[in-house]
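Comments concern the structure below.
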Amino acid sequence: NPERVAARRRQIEQISYPAALGRLSRNRETTAVAGTHGKSTTAALLSHLLRAAGRDPTYCFGATYADGSPGGRWGGGETTVIEACEFRRNFLLLTPRSAIVTNIDQDHLDCYTDEADTLAAFRQFLGKISADSVPILQLAAADKIGFTGRAETFAVEGDPQGGRADWLATEVALDAGGGRFRLRRGDTLVGEFQSPLCGRHNVENAAAAVIAALASDLTCREVARNLVTFPGVRRRLEPIRRDDGIVHFDDYAHHPTAVAATIAALRHCYRDRRIVALFQPHQATRLDRLFDDFVHALSAADAVAILEVCRAREPAGLHPEISGRLAEALQSQGVLVLPGRSWRDAWPNCLTACREGDVLVTMSAGHLEKDRYERN
């Protein structure tokens, strides 16, 4: 890389992005947002609530706002919000004052040997927050970790054991306009909130951000007022087009839990409509290890196109037929599998398969966005 060569020649220090975030978090009032899913959205939500309330935060998360605003900003206030990624244990480079953990799933199978290894990393991460701070943890994540310290746990009504959570989102109503819910702490109704994001998983993300905002001394009224103005995050159930009676969403889902949550959200928001999905698997290792979970998640769609796997950080010969195996497994479950293994071939088939009123969703963490914009 010519920039790195020039920097080396001029003896300019070079550090990685995670290490740069670690430096940024030092000596600042940093809230680190971690979790296998939802951390970009939750970090963006919290940053928006703080900024709309005049706190002028610094923030950095791995996405951009749907209105085109960048996912990083240097603010003049004391507060900093950072998305804390567990990949390669990068979040252990941070020095956060407080933390949010949205959920924990087995992922990054090229970095973690098993679930116990993943949970140990999250325990290390929580051990780095300030002793006088209380982390905000999804109840299921706290249970998985076996966290015994002080914590503010949250859940959504209907979650297993959700009644044990300190904070509970209740009376959830989901439609194409987003999600409405009441947030309770114990027996006390804290407030009523409306998020423009659809899906039960986004109610959970919004609840985590609201709790963190209230912990930062924002009032319930200003949090509720500013939550409805959240612009959304690109590639997180992002509406792309509504042509020919077809609603198209683009999403970053690449783990079976996220795929299932995305399709479930669209089922809630667009009841009685067919869902056509175009999915690009990300990493053959992930697809192989979580194969049955992917089959189960994608079977919730009415028609599916499966692209060749995006082999990030993997040799080309690893599990060479795995995308085809996934397509065959879905066919055996009675799912209509559309032909095409590349964007160029599969996209026209998806459009042809759609009827007026259908919902089309593209899901990928790989090349799909680049291919889509090159084609358009």
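Naming works like this for the structure tokens: A, B, ... for the chains as they're shown, residue 1 at the start of each chain, ligands 1 onward in shown order.
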
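Proximity to Gly146 (chain A) at 12 Å, evaluated using only C-alpha atoms and with sequence-adjacent residues fewer than 6 positions away removed, yields Ala116, Leu119, Ala120, Phe122, Arg123, Leu126, Leu137, Leu139 and Ala140 of chain A.
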
Next, dump the selected residues to file, keeping only N, CA and C atoms, as a compact mmCIF listing (two decimals), in the first residue's frame.
# COMPACT_ATOMS: atom_id res chain seq x y z
N ALA A 116 -17.59 -21.16 24.94
CA ALA A 116 -16.90 -20.85 26.20
C ALA A 116 -15.79 -19.83 25.97
N LEU A 119 -17.49 -16.43 25.51
CA LEU A 119 -17.99 -15.88 26.78
C LEU A 119 -16.85 -15.39 27.66
N ALA A 120 -15.72 -16.08 27.61
CA ALA A 120 -14.57 -15.65 28.40
C ALA A 120 -14.09 -14.27 27.93
N PHE A 122 -15.97 -11.91 26.54
CA PHE A 122 -16.94 -10.91 27.00
C PHE A 122 -16.78 -10.64 28.50
N ARG A 123 -16.44 -11.68 29.26
CA ARG A 123 -16.18 -11.45 30.70
C ARG A 123 -14.97 -10.53 30.87
N LEU A 126 -16.07 -6.93 30.10
CA LEU A 126 -16.82 -6.31 31.18
C LEU A 126 -15.91 -6.00 32.37
N LEU A 137 -26.87 -4.75 30.35
CA LEU A 137 -26.73 -6.06 29.71
C LEU A 137 -28.09 -6.63 29.34
N LEU A 139 -30.56 -9.44 29.30
CA LEU A 139 -30.67 -10.45 30.36
C LEU A 139 -30.08 -11.79 29.92
N ALA A 140 -30.41 -12.23 28.71
CA ALA A 140 -29.90 -13.53 28.23
C ALA A 140 -28.38 -13.52 28.16

- Message: From a backbone DSSP assignment, name each residue in region 137-276 of chain A labelled helix (DSSP H, G or I), as a ChimeraX atom specification.
- Response: /A:139-145,162-164,200-215,220-227,256-269

Those same residues, written as a short mmCIF file (atom, residue, chain, number, x, y, z; two decimals), in the first residue's frame with C-alpha atoms?
data_model
loop_
_atom_site.label_atom_id
_atom_site.label_comp_id
_atom_site.auth_asym_id
_atom_site.auth_seq_id
_atom_site.Cartn_x
_atom_site.Cartn_y
_atom_site.Cartn_z
CA LEU A 139 -30.67 -10.45 30.36
CA ALA A 140 -29.90 -13.53 28.23
CA ALA A 141 -26.33 -12.29 27.69
CA ALA A 142 -25.86 -11.71 31.42
CA ASP A 143 -27.08 -15.25 32.07
CA LYS A 144 -24.74 -16.72 29.45
CA ILE A 145 -21.76 -14.91 30.90
CA GLY A 162 -37.71 -11.76 30.68
CA GLY A 163 -39.65 -11.03 33.84
CA ARG A 164 -36.37 -11.23 35.78
CA ARG A 200 -38.68 -6.93 17.63
CA HIS A 201 -34.88 -7.00 17.64
CA ASN A 202 -34.88 -3.25 17.05
CA VAL A 203 -37.16 -2.73 20.04
CA GLU A 204 -34.42 -4.42 22.06
CA ASN A 205 -31.77 -2.16 20.50
CA ALA A 206 -33.88 0.93 21.17
CA ALA A 207 -34.54 -0.10 24.76
CA ALA A 208 -30.79 -0.51 25.41
CA ALA A 209 -30.07 2.95 23.95
CA VAL A 210 -32.90 4.55 25.93
CA ILE A 211 -31.65 3.03 29.19
CA ALA A 212 -28.12 4.27 28.49
CA ALA A 213 -29.42 7.74 27.59
CA LEU A 214 -31.41 7.93 30.83
CA ALA A 215 -28.30 6.82 32.72
CA CYS A 220 -37.50 10.68 29.58
CA ARG A 221 -39.35 13.39 27.64
CA GLU A 222 -36.36 14.43 25.51
CA VAL A 223 -35.37 10.80 24.88
CA ALA A 224 -38.90 9.95 23.67
CA ARG A 225 -39.04 13.10 21.54
CA ASN A 226 -35.68 12.46 19.88
CA LEU A 227 -36.05 8.72 19.38
CA PRO A 256 -28.46 -17.13 11.23
CA THR A 257 -29.80 -15.29 14.28
CA ALA A 258 -29.69 -12.00 12.36
CA VAL A 259 -31.20 -13.57 9.23
CA ALA A 260 -34.07 -14.97 11.29
CA ALA A 261 -34.61 -11.61 13.03
CA THR A 262 -34.67 -9.73 9.71
CA ILE A 263 -37.22 -12.04 8.10
CA ALA A 264 -39.33 -12.07 11.29
CA ALA A 265 -39.32 -8.26 11.35
CA LEU A 266 -40.60 -8.13 7.77
CA ARG A 267 -43.28 -10.71 8.61
CA HIS A 268 -44.47 -8.49 11.46
CA CYS A 269 -44.38 -5.29 9.41
#

- Item | Close residues, Asp56 (chain A) itself excluded, 12 Å, only C-alpha atoms, min 4 positions apart in chain, as a ChimeraX atom specification | /A:46-52,73-81

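Interatomic distance, CA of Ala300 (chain A) to CA of Val335 (chain A): 8.5 Å.
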
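The protein and nucleic acid residues lying at most 9 Å from Gly324 (chain A) are Ile306, Leu307, Glu308, Pro320, Glu321, Ala327, Glu328, Ala329 and Arg341 of chain A, with only C-alpha atoms considered and sequence neighbours fewer than 3 positions away removed.
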
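For Trp167 (chain A), the residues within 7 Å (counting only C-alpha atoms, excluding itself and residues fewer than 6 positions away along the chain) are A:Thr153, A:Phe154, A:Ala155, A:Leu183, A:Arg184, A:Arg185, A:Gly186.
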
- Item | All residues 9 Å or closer to region 20-26 of chain A, only C-alpha atoms, same chain fewer than 5 positions away omitted, as a PyMOL selection string | chain A and resi 15+31-32+60+80-82+84+90-97

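Between Gln331 (chain A) and the residues A:Asp166, A:Asp217, A:Glu356, A:Asp302, the shortest atom-to-atom distance, using only C-alpha atoms, involves A:Asp302.
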
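Residues in contact with Arg150 (chain A) at up to 9 Å, not including ones fewer than 2 positions away on its chain and judged by only C-alpha atoms, are A:Ser133, A:Val134, A:Pro135, A:Phe147, A:Thr148, A:Glu152.
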
Could those residues be written to a file, using all heavy atoms, as an mmCIF file, in the first residue's frame?
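To be explicit, this is the file written out as again.cif:
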data_model
loop_
_atom_site.group_PDB
_atom_site.id
_atom_site.type_symbol
_atom_site.label_atom_id
_atom_site.label_comp_id
_atom_site.auth_asym_id
_atom_site.auth_seq_id
_atom_site.Cartn_x
_atom_site.Cartn_y
_atom_site.Cartn_z
ATOM 1 N N SER A 133 -19.040 1.988 37.631
ATOM 2 C CA SER A 133 -20.032 1.982 36.556
ATOM 3 C C SER A 133 -20.850 0.705 36.602
ATOM 4 O O SER A 133 -20.363 -0.352 37.027
ATOM 5 C CB SER A 133 -19.342 2.117 35.200
ATOM 6 O OG SER A 133 -20.269 2.046 34.161
ATOM 7 N N VAL A 134 -22.081 0.809 36.145
ATOM 8 C CA VAL A 134 -22.980 -0.350 36.099
ATOM 9 C C VAL A 134 -23.274 -0.664 34.634
ATOM 10 O O VAL A 134 -23.892 0.145 33.941
ATOM 11 C CB VAL A 134 -24.297 -0.064 36.852
ATOM 12 C CG1 VAL A 134 -25.230 -1.273 36.765
ATOM 13 C CG2 VAL A 134 -24.010 0.292 38.306
ATOM 14 N N PRO A 135 -22.835 -1.826 34.114
ATOM 15 C CA PRO A 135 -23.085 -2.139 32.705
ATOM 16 C C PRO A 135 -24.561 -2.399 32.438
ATOM 17 O O PRO A 135 -25.314 -2.799 33.334
ATOM 18 C CB PRO A 135 -22.248 -3.404 32.482
ATOM 19 C CG PRO A 135 -22.155 -4.044 33.827
ATOM 20 C CD PRO A 135 -22.106 -2.904 34.798
ATOM 21 N N PHE A 147 -22.781 -13.375 34.740
ATOM 22 C CA PHE A 147 -22.363 -12.124 35.362
ATOM 23 C C PHE A 147 -23.013 -11.981 36.731
ATOM 24 O O PHE A 147 -24.237 -12.057 36.869
ATOM 25 C CB PHE A 147 -22.751 -10.948 34.466
ATOM 26 C CG PHE A 147 -22.118 -9.650 34.874
ATOM 27 C CD1 PHE A 147 -20.790 -9.388 34.565
ATOM 28 C CD2 PHE A 147 -22.839 -8.695 35.570
ATOM 29 C CE1 PHE A 147 -20.197 -8.193 34.932
ATOM 30 C CE2 PHE A 147 -22.262 -7.497 35.935
ATOM 31 C CZ PHE A 147 -20.931 -7.243 35.621
ATOM 32 N N THR A 148 -22.196 -11.760 37.737
ATOM 33 C CA THR A 148 -22.701 -11.687 39.117
ATOM 34 C C THR A 148 -22.535 -10.302 39.728
ATOM 35 O O THR A 148 -22.971 -10.075 40.860
ATOM 36 C CB THR A 148 -21.981 -12.715 40.006
ATOM 37 O OG1 THR A 148 -20.561 -12.485 39.958
ATOM 38 C CG2 THR A 148 -22.286 -14.133 39.550
ATOM 39 N N GLU A 152 -27.522 -3.440 35.059
ATOM 40 C CA GLU A 152 -28.890 -3.103 34.679
ATOM 41 C C GLU A 152 -29.234 -4.020 33.515
ATOM 42 O O GLU A 152 -28.707 -3.869 32.408
ATOM 43 C CB GLU A 152 -28.989 -1.630 34.256
ATOM 44 C CG GLU A 152 -28.733 -0.637 35.374
ATOM 45 C CD GLU A 152 -29.891 -0.570 36.368
ATOM 46 O OE1 GLU A 152 -31.049 -0.790 35.955
ATOM 47 O OE2 GLU A 152 -29.624 -0.311 37.554
#

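Nearest residue to Glu238 (chain A), choosing from A:Val156, A:Tyr17, A:Tyr65, A:Gly38 and counting only C-alpha atoms: A:Tyr65.
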
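Distances here use only C-alpha atoms; by that measure, the residue among A:Val337, A:Ala53, A:Val101, A:Ala346 closest to Ser40 (chain A) is A:Val101.
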
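Straight-line separation from CA of Gly317 (chain A) to CA of Gln283 (chain A): 11.9 Å.
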
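Secondary structure by DSSP on the backbone puts the following residues of region 332-371 of chain A in strand (DSSP E): Leu336, Val337, Leu338, Val359, Leu360, Val361, Thr362, Met363 and Ser364 of chain A.
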
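With CA of Asp251 (chain A) on one side and CA of Met363 (chain A) on the other, the separation reads 4.8 Å.
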